>>> print(open('protein-v8.txt').read())   # compact mmCIF, C-alpha atoms
# COMPACT_ATOMS: atom_id res chain seq x y z
CA MET X 58 4.73 -32.27 14.29
CA ASP X 59 3.91 -28.60 14.92
CA VAL X 60 1.06 -27.05 16.92
CA HIS X 61 -0.53 -23.62 17.04
CA GLU X 62 0.49 -20.92 19.48
CA TYR X 63 -2.59 -21.32 21.67
CA GLN X 64 -2.04 -25.07 21.88
CA ALA X 65 1.61 -24.60 22.83
CA LYS X 66 0.53 -22.16 25.54
CA GLU X 67 -2.01 -24.63 26.89
CA LEU X 68 0.75 -27.21 27.23
CA LEU X 69 3.15 -24.74 28.82
CA ALA X 70 0.49 -23.54 31.26
CA SER X 71 -0.17 -27.14 32.32
CA PHE X 72 3.50 -27.32 33.37
CA GLY X 73 3.32 -24.06 35.36
CA VAL X 74 4.60 -21.55 32.79
CA ALA X 75 2.79 -18.20 33.14
CA VAL X 76 0.97 -17.09 29.96
CA PRO X 77 -1.44 -14.19 29.29
CA LYS X 78 -5.16 -14.99 29.36
CA GLY X 79 -6.53 -15.86 25.95
CA ALA X 80 -9.12 -17.81 23.96
CA VAL X 81 -9.29 -19.25 20.45
CA ALA X 82 -11.98 -18.10 18.00
CA PHE X 83 -13.12 -19.43 14.62
CA SER X 84 -15.33 -16.47 13.67
CA ALA X 85 -15.47 -12.72 14.21
CA ASP X 86 -18.38 -13.05 16.64
CA GLN X 87 -16.49 -15.65 18.67
CA ALA X 88 -13.51 -13.29 18.80
CA VAL X 89 -15.67 -10.50 20.25
CA TYR X 90 -17.21 -12.91 22.76
CA ALA X 91 -13.72 -14.04 23.77
CA ALA X 92 -12.65 -10.42 24.33
CA THR X 93 -15.69 -9.74 26.55
CA GLU X 94 -15.02 -12.89 28.58
CA LEU X 95 -11.32 -12.04 29.00
CA GLY X 96 -12.12 -8.52 30.20
CA GLY X 97 -9.77 -5.57 30.08
CA SER X 98 -9.56 -2.87 27.43
CA PHE X 99 -6.62 -3.93 25.25
CA TRP X 100 -6.40 -7.16 23.26
CA ALA X 101 -4.21 -8.81 20.65
CA VAL X 102 -5.89 -10.76 17.84
CA LYS X 103 -3.36 -13.27 16.47
CA ALA X 104 -3.58 -15.35 13.32
CA GLN X 105 -2.91 -19.01 14.12
CA ILE X 106 -0.60 -20.65 11.58
CA HIS X 107 2.38 -22.99 11.83
CA ALA X 108 4.96 -20.29 11.13
CA GLY X 109 6.71 -17.40 12.82
CA ALA X 110 7.20 -13.75 11.82
CA ARG X 111 3.44 -13.19 11.92
CA GLY X 112 3.77 -9.70 13.35
CA LYS X 113 5.85 -8.43 10.43
CA ALA X 114 3.32 -9.93 8.01
CA GLY X 115 0.31 -8.24 9.62
CA GLY X 116 -0.90 -11.37 11.37
CA ILE X 117 -1.15 -9.75 14.81
CA LYS X 118 -3.60 -6.89 15.42
CA LEU X 119 -3.75 -4.79 18.60
CA CYS X 120 -7.28 -3.68 19.45
CA ARG X 121 -8.81 -1.29 21.99
CA THR X 122 -12.52 -1.77 21.22
CA TYR X 123 -14.79 -4.71 20.48
CA ASN X 124 -15.40 -3.34 16.99
CA GLU X 125 -11.66 -3.38 16.34
CA VAL X 126 -11.52 -7.00 17.57
CA ARG X 127 -14.33 -7.93 15.16
CA ASP X 128 -12.69 -6.12 12.23
CA ALA X 129 -9.30 -7.70 12.96
CA ALA X 130 -10.78 -11.20 13.10
CA ARG X 131 -12.71 -10.65 9.86
CA GLU X 132 -9.56 -9.44 8.14
CA LEU X 133 -7.46 -12.42 9.26
CA LEU X 134 -9.88 -15.36 9.07
CA GLY X 135 -9.90 -17.03 5.67
CA LYS X 136 -6.74 -15.23 4.59
CA ARG X 137 -3.54 -16.91 3.39
CA LEU X 138 -0.88 -15.29 5.52
CA VAL X 139 2.53 -15.00 3.89
CA THR X 140 5.49 -14.60 6.25
CA LEU X 141 9.25 -15.01 5.96
CA GLN X 142 8.84 -18.63 7.11
CA THR X 143 5.86 -19.77 4.98
CA GLY X 144 7.19 -19.19 1.49
CA PRO X 145 5.23 -17.30 -1.17
CA GLU X 146 2.25 -19.67 -1.00
CA GLY X 147 1.52 -18.71 2.63
CA LYS X 148 -0.64 -20.66 5.08
CA PRO X 149 -4.42 -20.49 5.61
CA VAL X 150 -5.77 -18.74 8.71
CA GLN X 151 -8.70 -20.78 10.02
CA ARG X 152 -8.62 -19.57 13.62
CA VAL X 153 -7.43 -16.60 15.64
CA TYR X 154 -6.26 -16.28 19.23
CA VAL X 155 -7.63 -13.38 21.25
CA GLU X 156 -5.33 -12.48 24.14
CA THR X 157 -5.18 -9.78 26.77
CA ALA X 158 -2.44 -7.33 25.80
CA ASP X 159 -1.01 -6.28 29.13
CA PRO X 160 1.84 -3.75 29.04
CA PHE X 161 5.38 -5.03 29.58
CA GLU X 162 8.80 -3.51 30.10
CA ARG X 163 11.24 -5.94 28.46
CA GLU X 164 11.29 -8.56 25.71
CA LEU X 165 13.58 -11.59 26.10
CA TYR X 166 14.21 -14.73 24.08
CA LEU X 167 14.08 -18.30 25.42
CA GLY X 168 14.41 -21.46 23.36
CA TYR X 169 15.06 -25.18 23.69
CA VAL X 170 16.27 -27.32 20.82
CA LEU X 171 17.68 -30.80 20.26
CA ASP X 172 21.33 -30.34 19.34
CA ARG X 173 21.84 -33.48 17.26
CA LYS X 174 25.59 -32.97 16.96
CA ALA X 175 26.07 -32.72 20.73
CA GLU X 176 23.26 -35.26 21.38
CA ARG X 177 21.97 -32.96 24.08
CA VAL X 178 19.20 -30.44 24.68
CA ARG X 179 20.54 -26.93 24.19
CA VAL X 180 18.93 -23.99 26.00
CA ILE X 181 19.32 -20.65 24.20
CA ALA X 182 18.42 -17.29 25.69
CA SER X 183 19.00 -13.66 24.84
CA GLN X 184 18.17 -10.16 25.99
CA ARG X 185 17.27 -9.40 22.35
CA GLY X 186 13.70 -10.69 22.48
CA GLY X 187 11.24 -10.13 19.67
CA MET X 188 13.87 -10.84 16.99
CA ASP X 189 14.41 -13.99 14.92
CA ILE X 190 17.05 -16.17 16.55
CA GLU X 191 18.82 -16.48 13.18
CA GLU X 192 19.04 -12.70 13.01
CA ILE X 193 20.48 -12.52 16.53
CA ALA X 194 23.00 -15.28 15.78
CA ALA X 195 24.11 -13.54 12.57
CA ASN X 196 24.31 -9.97 13.86
CA GLU X 197 24.98 -10.33 17.60
CA PRO X 198 26.31 -13.83 18.37
CA GLU X 199 27.73 -12.55 21.64
CA ALA X 200 24.16 -11.79 22.75
CA LEU X 201 23.28 -15.50 22.85
CA ILE X 202 23.32 -17.32 26.20
CA GLN X 203 23.68 -21.09 25.71
CA VAL X 204 23.53 -23.98 28.15
CA VAL X 205 23.88 -27.65 27.21
CA VAL X 206 21.79 -29.98 29.39
CA GLU X 207 23.30 -33.24 30.65
CA PRO X 208 20.53 -35.83 30.01
CA ALA X 209 21.40 -37.94 33.06
CA VAL X 210 20.42 -35.14 35.46
CA GLY X 211 18.38 -32.72 33.35
CA LEU X 212 18.40 -28.94 33.57
CA GLN X 213 19.53 -27.83 37.02
CA GLN X 214 18.32 -24.89 39.12
CA PHE X 215 21.76 -23.28 39.16
CA GLN X 216 21.86 -23.35 35.34
CA ALA X 217 18.47 -21.65 35.19
CA ARG X 218 19.67 -19.01 37.68
CA GLU X 219 22.79 -18.36 35.60
CA ILE X 220 20.60 -17.80 32.53
CA ALA X 221 18.28 -15.48 34.46
CA PHE X 222 21.12 -13.34 35.83
CA GLN X 223 22.77 -13.12 32.40
CA LEU X 224 19.46 -11.82 31.08
CA GLY X 225 19.94 -8.83 33.37
CA LEU X 226 16.96 -9.46 35.63
CA ASN X 227 16.57 -8.22 39.19
CA ILE X 228 16.24 -10.58 42.16
CA LYS X 229 12.46 -10.74 42.09
CA GLN X 230 12.40 -11.25 38.34
CA VAL X 231 15.11 -13.92 38.58
CA SER X 232 12.89 -16.01 40.84
CA ALA X 233 10.02 -15.88 38.32
CA ALA X 234 12.36 -16.49 35.39
CA VAL X 235 13.96 -19.56 37.00
CA LYS X 236 10.51 -21.06 37.52
CA THR X 237 9.63 -20.35 33.88
CA ILE X 238 12.91 -21.77 32.53
CA MET X 239 12.63 -24.96 34.60
CA ASN X 240 8.94 -25.55 33.87
CA ALA X 241 9.39 -24.88 30.15
CA TYR X 242 12.21 -27.44 30.11
CA ARG X 243 9.93 -30.00 31.77
CA ALA X 244 7.27 -29.34 29.14
CA PHE X 245 9.86 -29.78 26.37
CA ARG X 246 11.23 -32.99 27.89
CA ASP X 247 8.01 -34.65 29.01
CA CYS X 248 6.15 -33.94 25.74
CA ASP X 249 8.95 -35.29 23.52
CA GLY X 250 9.62 -31.89 22.04
CA THR X 251 12.20 -31.19 19.37
CA MET X 252 11.89 -27.41 19.54
CA LEU X 253 10.35 -24.90 21.95
CA GLU X 254 10.66 -21.19 21.31
CA ILE X 255 9.24 -18.48 23.57
CA ASN X 256 9.78 -15.24 21.70
CA PRO X 257 9.20 -12.90 23.29
CA LEU X 258 9.38 -13.87 26.92
CA VAL X 259 8.29 -10.60 28.54
CA VAL X 260 8.85 -8.98 31.92
CA THR X 261 5.94 -6.88 33.19
CA LYS X 262 6.04 -3.79 35.39
CA ASP X 263 5.03 -5.84 38.42
CA ASP X 264 7.98 -8.25 37.84
CA ARG X 265 6.00 -11.10 36.31
CA VAL X 266 7.58 -13.20 33.54
CA LEU X 267 5.13 -14.25 30.81
CA ALA X 268 5.37 -16.34 27.64
CA LEU X 269 3.87 -13.84 25.21
CA ASP X 270 4.35 -16.17 22.25
CA ALA X 271 5.21 -19.85 21.93
CA LYS X 272 6.11 -22.30 19.18
CA MET X 273 6.54 -26.03 19.77
CA SER X 274 7.50 -28.95 17.56
CA PHE X 275 7.38 -32.60 18.58
CA ASP X 276 8.99 -35.88 17.60
CA ASP X 277 6.60 -37.60 15.17
CA ASN X 278 7.90 -40.99 16.27
CA ALA X 279 6.78 -40.35 19.86
CA MET X 280 3.21 -39.34 19.11
CA PHE X 281 1.91 -42.86 19.75
CA ARG X 282 2.45 -42.16 23.46
CA ARG X 283 1.36 -38.49 23.31
CA ARG X 284 -2.19 -38.85 22.03
CA ASN X 285 -3.23 -35.52 23.57
CA ILE X 286 -0.59 -33.79 21.44
CA ALA X 287 -1.22 -35.89 18.32
CA ASP X 288 -4.87 -34.80 18.47
CA MET X 289 -3.72 -31.17 18.16
CA HIS X 290 -2.47 -31.75 14.62
CA ASP X 291 -3.98 -29.34 12.09
CA PRO X 292 -3.76 -30.91 8.60
CA SER X 293 -4.73 -27.61 6.93
CA GLN X 294 -1.27 -26.25 7.76
CA GLY X 295 0.60 -28.86 5.72
CA ASP X 296 0.71 -30.13 2.18
CA PRO X 297 -2.60 -32.02 1.61
CA ARG X 298 -0.68 -34.60 -0.43
CA GLU X 299 1.49 -35.38 2.60
CA ALA X 300 -1.63 -35.89 4.71
CA GLN X 301 -3.10 -38.21 2.06
CA ALA X 302 0.18 -40.14 1.86
CA ALA X 303 0.26 -40.57 5.63
CA GLU X 304 -3.21 -42.13 5.54
CA HIS X 305 -1.79 -44.87 3.27
CA ASN X 306 1.50 -45.20 5.21
CA LEU X 307 3.48 -43.62 2.39
CA SER X 308 6.31 -41.15 2.93
CA TYR X 309 5.78 -38.15 0.62
CA ILE X 310 7.38 -34.72 0.47
CA GLY X 311 6.52 -32.32 -2.36
CA LEU X 312 9.36 -30.50 -4.11
CA GLU X 313 9.63 -27.95 -6.92
CA GLY X 314 10.78 -30.12 -9.85
CA GLU X 315 9.12 -31.82 -12.83
CA ILE X 316 10.08 -35.50 -12.50
CA GLY X 317 7.86 -37.46 -10.15
CA CYS X 318 9.57 -40.25 -8.18
CA ILE X 319 8.07 -43.51 -6.92
CA VAL X 320 10.72 -45.54 -5.07
CA ASN X 321 10.85 -48.26 -2.41
CA GLY X 322 13.22 -47.36 0.40
CA ALA X 323 14.20 -43.95 1.74
CA GLY X 324 17.88 -44.34 0.90
CA LEU X 325 17.12 -45.43 -2.66
CA ALA X 326 14.68 -42.51 -2.98
CA MET X 327 17.42 -40.06 -1.97
CA ALA X 328 19.85 -41.68 -4.43
CA THR X 329 17.22 -41.47 -7.18
CA MET X 330 16.70 -37.77 -6.54
CA ASP X 331 20.46 -37.20 -6.58
CA MET X 332 20.81 -39.06 -9.87
CA ILE X 333 18.02 -37.01 -11.44
CA LYS X 334 19.86 -33.86 -10.39
CA HIS X 335 23.11 -35.29 -11.78
CA ALA X 336 21.37 -35.93 -15.11
CA GLY X 337 20.24 -32.31 -15.25
CA GLY X 338 16.67 -32.69 -14.03
CA GLU X 339 14.72 -31.65 -10.95
CA PRO X 340 12.79 -34.14 -8.77
CA ALA X 341 9.17 -33.20 -8.08
CA ASN X 342 8.89 -35.19 -4.88
CA PHE X 343 10.31 -37.67 -2.41
CA LEU X 344 8.04 -40.72 -2.27
CA ASP X 345 8.88 -43.95 -0.48
CA VAL X 346 6.26 -46.68 -1.01
CA GLY X 347 8.03 -48.86 1.56
CA GLY X 348 8.61 -52.59 1.44
CA GLY X 349 5.19 -53.63 0.19
CA ALA X 350 4.71 -52.22 -3.31
CA SER X 351 1.21 -53.67 -3.76
CA PRO X 352 -0.98 -52.51 -6.67
CA GLU X 353 -3.10 -50.46 -4.28
CA ARG X 354 -0.08 -48.68 -2.79
CA VAL X 355 1.47 -48.06 -6.20
CA ALA X 356 -1.85 -46.72 -7.53
CA THR X 357 -2.07 -44.35 -4.56
CA ALA X 358 1.52 -43.27 -5.23
CA PHE X 359 0.69 -42.53 -8.88
CA ARG X 360 -2.30 -40.41 -7.83
CA LEU X 361 -0.19 -38.45 -5.36
CA VAL X 362 2.53 -37.76 -7.91
CA LEU X 363 0.06 -36.81 -10.64
CA SER X 364 -1.77 -34.41 -8.32
CA ASP X 365 1.25 -32.12 -8.80
CA LYS X 366 0.52 -30.22 -12.03
CA ASN X 367 4.24 -29.54 -12.53
CA VAL X 368 5.03 -33.22 -13.11
CA LYS X 369 6.11 -33.88 -16.73
CA ALA X 370 7.40 -37.45 -16.27
CA ILE X 371 7.32 -40.23 -13.66
CA LEU X 372 10.27 -42.40 -12.69
CA VAL X 373 9.51 -45.69 -10.88
CA ASN X 374 12.68 -47.12 -9.34
CA ILE X 375 12.24 -50.39 -7.43
CA PHE X 376 14.95 -52.57 -5.89
CA ALA X 377 13.40 -55.91 -4.94
CA GLY X 378 14.98 -57.54 -1.94
CA ILE X 379 12.24 -58.76 0.35
CA ASN X 380 9.83 -58.13 -2.53
CA ARG X 381 10.08 -59.77 -5.95
CA CYS X 382 10.35 -57.82 -9.19
CA ASP X 383 7.53 -59.82 -10.82
CA TRP X 384 5.16 -58.88 -7.98
CA VAL X 385 6.19 -55.25 -8.22
CA ALA X 386 5.85 -55.26 -12.03
CA GLU X 387 2.32 -56.66 -11.74
CA GLY X 388 1.53 -53.92 -9.24
CA VAL X 389 2.90 -51.22 -11.55
CA VAL X 390 0.98 -52.58 -14.55
CA GLN X 391 -2.30 -52.83 -12.63
CA ALA X 392 -1.87 -49.39 -11.08
CA ALA X 393 -0.97 -47.81 -14.42
CA ARG X 394 -4.17 -49.23 -15.91
CA GLU X 395 -6.28 -47.92 -13.02
CA VAL X 396 -4.79 -44.43 -13.00
CA LYS X 397 -4.90 -42.26 -16.10
CA ILE X 398 -1.25 -41.43 -16.81
CA GLU X 399 -0.71 -38.83 -19.52
CA VAL X 400 3.01 -38.23 -18.93
CA PRO X 401 6.00 -40.44 -19.85
CA LEU X 402 6.47 -43.34 -17.42
CA ILE X 403 9.99 -44.68 -16.86
CA VAL X 404 10.38 -47.93 -14.89
CA ARG X 405 13.60 -49.45 -13.61
CA LEU X 406 13.57 -52.75 -11.73
CA ALA X 407 16.49 -54.53 -10.04
CA GLY X 408 16.86 -57.45 -7.64
CA THR X 409 14.95 -60.69 -7.11
CA ASN X 410 13.20 -62.10 -10.25
CA VAL X 411 14.17 -59.06 -12.29
CA GLU X 412 13.92 -60.94 -15.62
CA ALA X 413 10.35 -62.02 -14.89
CA GLY X 414 9.46 -58.46 -13.87
CA GLN X 415 10.91 -56.99 -17.04
CA ARG X 416 9.01 -59.55 -19.13
CA ILE X 417 5.73 -58.57 -17.45
CA LEU X 418 6.38 -54.92 -18.24
CA ALA X 419 7.31 -55.69 -21.86
CA GLU X 420 4.16 -57.80 -22.41
CA SER X 421 1.83 -55.36 -20.65
CA GLY X 422 1.14 -53.28 -23.75
CA LEU X 423 1.61 -50.10 -21.73
CA ASP X 424 3.40 -47.14 -23.24
CA LEU X 425 6.32 -47.05 -20.83
CA ILE X 426 10.09 -46.70 -20.96
CA THR X 427 12.29 -49.29 -19.24
CA ALA X 428 15.83 -48.83 -17.98
CA GLU X 429 18.55 -51.20 -16.78
CA THR X 430 20.45 -48.93 -14.38
CA LEU X 431 19.60 -46.00 -12.14
CA SER X 432 21.74 -43.60 -14.16
CA ASP X 433 20.07 -44.80 -17.38
CA ALA X 434 16.63 -44.34 -15.79
CA ALA X 435 17.45 -40.82 -14.62
CA ARG X 436 18.80 -39.86 -18.05
CA LYS X 437 15.70 -41.22 -19.81
CA ALA X 438 13.44 -39.42 -17.34
CA VAL X 439 15.16 -36.11 -18.00
CA GLU X 440 14.99 -36.66 -21.77
CA ALA X 441 11.31 -37.59 -21.57
CA CYS X 442 10.59 -34.57 -19.41
CA ASP X 443 12.40 -32.28 -21.86
CA GLY X 444 10.44 -33.84 -24.73
CA THR X 445 7.12 -32.86 -23.16
CA LYS X 446 8.17 -29.22 -22.96
CA HIS X 447 8.40 -28.81 -26.76
>>> encode(input="protein-v8.txt", output="structure tokens")
Amino acid sequence: MDVHEYQAKELLASFGVAVPKGAVAFSADQAVYAATELGGSFWAVKAQIHAGARGKAGGIKLCRTYNEVRDAARELLGKRLVTLQTGPEGKPVQRVYVETADPFERELYLGYVLDRKAERVRVIASQRGGMDIEEIAANEPEALIQVVVEPAVGLQQFQAREIAFQLGLNIKQVSAAVKTIMNAYRAFRDCDGTMLEINPLVVTKDDRVLALDAKMSFDDNAMFRRRNIADMHDPSQGDPREAQAAEHNLSYIGLEGEIGCIVNGAGLAMATMDMIKHAGGEPANFLDVGGGASPERVATAFRLVLSDKNVKAILVNIFAGINRCDWVAEGVVQAAREVKIEVPLIVRLAGTNVEAGQRILAESGLDLITAETLSDAARKAVEACDGTKH
């Protein structure tokens, strides 16, 4: 789960990380009011989306007057901001963050990530702040400072000092940087983070160290114990179909293909997508209906798949272990009658009571295509999809 910049900064500030003063605004008038409350004479108006590279895409405006703040907020609010990380469809801007833009002398990079291969938290820092970490790694790998944290003891003060000195900071700045590095690690650890990126981490003329930007991602599986973070979720930043699927306890991820997939079991869903690719087609989605393929869940799955206008055929692939094929077949038949399906429907059943399930499908009177094996089902789905293109 991702959060907005201002939410990440609120969390960091609660753990003692220094951040510039700022306030969120949902309208141009609120943005002006926020600037007056913050004081000063120089502000940054930042589009709030779940993606980086906003500055390059025009999502951050520097303003010196209240009129400029108002104009910047009007320009950004309601816009779909397209950055290098959003894809061509962009993400909607429904709020902006107004922040005091104090001058600074240096930009640094600081990040924390779960290194799944090492099974450790990896701290990454660099003197090349303000750049994408991928760009730094590709062009200047020697500029990366990396520390692997031993989980039994956590990040140690001496490790934070080593990072600070390698960043080329003076003694006074090192003290502030160590505090920031340690407190940011605590925020990452105690909030069940999977990624924390402070880019840039800036050093001001009076030797303060501030998190000028912040991105945080969290472990979805831990949100049951982090209700304060779960409540920060902004569904407008994701695929609305994924949000709808989550409401029905379905696992859905939209893709770019033309063959919709309805499968029970994540592993079987992955195998189904692979087989579609092997047969020359492109899957339109990953959709795992889970162990209970009831008529209601299958009907919801059909609606989700059909909401993608690119879908030219639907492949239902069910392996009945705990379930029974006759139950699943009844669910598919009932759901297909409830939902208007105007594309070819391919159904493959295997497992417990498969003969009874196939008989129910054959006697249903529905215009559907049955298959015995997964490879046969994938081939028929690709052929059906190709037939709809002519």
>>> residues_around(input="protein-v8.txt", residues="X:Lys229", least_positions_apart="4", cutoff="9 Å", atoms="all atoms listed in the file", output="JSON list (two decimals) with C-alpha atoms, in the coordinates of the input")
[["chain", "number", "residue", "atom", "x", "y", "z"],
["X", 233, "ALA", "CA", 10.02, -15.88, 38.32],
["X", 234, "ALA", "CA", 12.36, -16.49, 35.39],
["X", 264, "ASP", "CA", 7.98, -8.25, 37.84],
["X", 265, "ARG", "CA", 6.00, -11.10, 36.31]]
>>> closest_residue(input="protein-v8.txt", among="X:Ala110, X:Ile190, X:Leu224, X:Val205", to="X:Lys174", atoms="all atoms listed in the file")
X:Val205
>>> axis_aligned_box(input="protein-v8.txt", around="stretch 119-138 of chain X", padding_each_side="4 Å", output="lines of an AutoDock Vina configuration file")
center_x = -8.1
center_y = -9.2
center_z = 12.7
size_x = 22.5
size_y = 23.7
size_z = 26.6
>>> atom_distance(input="protein-v8.txt", atom1="atom CA of X:Lys397", atom2="atom CA of X:Glu412")
26.5 Å
>>> decode(input="protein-v8.txt", residues="stretch 185-193 of chain X", atoms="all heavy atoms", output="PDB file, in the first residue's frame")
ATOM      1  N   ARG X 185      24.216  12.133  -4.602  1.00  0.00           N
ATOM      2  CA  ARG X 185      23.522  12.573  -5.809  1.00  0.00           C
ATOM      3  C   ARG X 185      22.027  12.632  -5.558  1.00  0.00           C
ATOM      4  O   ARG X 185      21.246  11.898  -6.141  1.00  0.00           O
ATOM      5  CB  ARG X 185      23.822  11.629  -6.972  1.00  0.00           C
ATOM      6  CG  ARG X 185      25.295  11.416  -7.257  1.00  0.00           C
ATOM      7  CD  ARG X 185      25.909  12.672  -7.891  1.00  0.00           C
ATOM      8  NE  ARG X 185      27.244  12.392  -8.382  1.00  0.00           N
ATOM      9  CZ  ARG X 185      28.356  12.532  -7.662  1.00  0.00           C
ATOM     10  NH1 ARG X 185      28.256  12.960  -6.394  1.00  0.00           N
ATOM     11  NH2 ARG X 185      29.533  12.258  -8.166  1.00  0.00           N
ATOM     12  N   GLY X 186      21.591  13.514  -4.682  1.00  0.00           N
ATOM     13  CA  GLY X 186      20.179  13.666  -4.390  1.00  0.00           C
ATOM     14  C   GLY X 186      19.440  14.350  -5.526  1.00  0.00           C
ATOM     15  O   GLY X 186      20.031  15.021  -6.364  1.00  0.00           O
ATOM     16  N   GLY X 187      18.123  14.157  -5.555  1.00  0.00           N
ATOM     17  CA  GLY X 187      17.310  14.776  -6.595  1.00  0.00           C
ATOM     18  C   GLY X 187      17.237  13.970  -7.876  1.00  0.00           C
ATOM     19  O   GLY X 187      16.503  14.330  -8.795  1.00  0.00           O
ATOM     20  N   MET X 188      17.982  12.863  -7.958  1.00  0.00           N
ATOM     21  CA  MET X 188      17.963  12.000  -9.137  1.00  0.00           C
ATOM     22  C   MET X 188      17.234  10.704  -8.801  1.00  0.00           C
ATOM     23  O   MET X 188      17.135  10.309  -7.638  1.00  0.00           O
ATOM     24  CB  MET X 188      19.389  11.669  -9.600  1.00  0.00           C
ATOM     25  CG  MET X 188      20.206  12.853 -10.061  1.00  0.00           C
ATOM     26  SD  MET X 188      21.941  12.388 -10.380  1.00  0.00           S
ATOM     27  CE  MET X 188      21.747  11.106 -11.620  1.00  0.00           C
ATOM     28  N   ASP X 189      16.707  10.023  -9.831  1.00  0.00           N
ATOM     29  CA  ASP X 189      16.118   8.704  -9.624  1.00  0.00           C
ATOM     30  C   ASP X 189      17.216   7.734  -9.215  1.00  0.00           C
ATOM     31  O   ASP X 189      18.308   7.739  -9.794  1.00  0.00           O
ATOM     32  CB  ASP X 189      15.443   8.206 -10.902  1.00  0.00           C
ATOM     33  CG  ASP X 189      14.219   9.031 -11.270  1.00  0.00           C
ATOM     34  OD1 ASP X 189      13.619   9.604 -10.344  1.00  0.00           O
ATOM     35  OD2 ASP X 189      13.874   9.095 -12.461  1.00  0.00           O
ATOM     36  N   ILE X 190      16.910   6.873  -8.250  1.00  0.00           N
ATOM     37  CA  ILE X 190      17.909   5.932  -7.765  1.00  0.00           C
ATOM     38  C   ILE X 190      18.351   4.984  -8.879  1.00  0.00           C
ATOM     39  O   ILE X 190      19.511   4.573  -8.945  1.00  0.00           O
ATOM     40  CB  ILE X 190      17.375   5.144  -6.538  1.00  0.00           C
ATOM     41  CG1 ILE X 190      18.492   4.333  -5.882  1.00  0.00           C
ATOM     42  CG2 ILE X 190      16.213   4.285  -6.933  1.00  0.00           C
ATOM     43  CD1 ILE X 190      19.611   5.153  -5.303  1.00  0.00           C
ATOM     44  N   GLU X 191      17.418   4.645  -9.792  1.00  0.00           N
ATOM     45  CA  GLU X 191      17.771   3.777 -10.915  1.00  0.00           C
ATOM     46  C   GLU X 191      18.793   4.465 -11.818  1.00  0.00           C
ATOM     47  O   GLU X 191      19.708   3.811 -12.344  1.00  0.00           O
ATOM     48  CB  GLU X 191      16.527   3.406 -11.726  1.00  0.00           C
ATOM     49  CG  GLU X 191      15.498   2.601 -10.970  1.00  0.00           C
ATOM     50  CD  GLU X 191      14.565   3.445 -10.124  1.00  0.00           C
ATOM     51  OE1 GLU X 191      14.683   4.690 -10.165  1.00  0.00           O
ATOM     52  OE2 GLU X 191      13.728   2.869  -9.421  1.00  0.00           O
ATOM     53  N   GLU X 192      18.631   5.763 -11.980  1.00  0.00           N
ATOM     54  CA  GLU X 192      19.572   6.522 -12.807  1.00  0.00           C
ATOM     55  C   GLU X 192      20.952   6.568 -12.155  1.00  0.00           C
ATOM     56  O   GLU X 192      21.981   6.431 -12.821  1.00  0.00           O
ATOM     57  CB  GLU X 192      19.025   7.940 -13.015  1.00  0.00           C
ATOM     58  CG  GLU X 192      19.807   8.786 -13.999  1.00  0.00           C
ATOM     59  CD  GLU X 192      19.175  10.147 -14.211  1.00  0.00           C
ATOM     60  OE1 GLU X 192      17.966  10.292 -13.938  1.00  0.00           O
ATOM     61  OE2 GLU X 192      19.888  11.063 -14.650  1.00  0.00           O
ATOM     62  N   ILE X 193      20.969   6.748 -10.833  1.00  0.00           N
ATOM     63  CA  ILE X 193      22.245   6.762 -10.114  1.00  0.00           C
ATOM     64  C   ILE X 193      22.917   5.391 -10.219  1.00  0.00           C
ATOM     65  O   ILE X 193      24.117   5.288 -10.501  1.00  0.00           O
ATOM     66  CB  ILE X 193      22.033   7.125  -8.626  1.00  0.00           C
ATOM     67  CG1 ILE X 193      21.367   8.493  -8.485  1.00  0.00           C
ATOM     68  CG2 ILE X 193      23.365   7.114  -7.876  1.00  0.00           C
ATOM     69  CD1 ILE X 193      20.962   8.838  -7.062  1.00  0.00           C
TER      70      ILE X 193
END
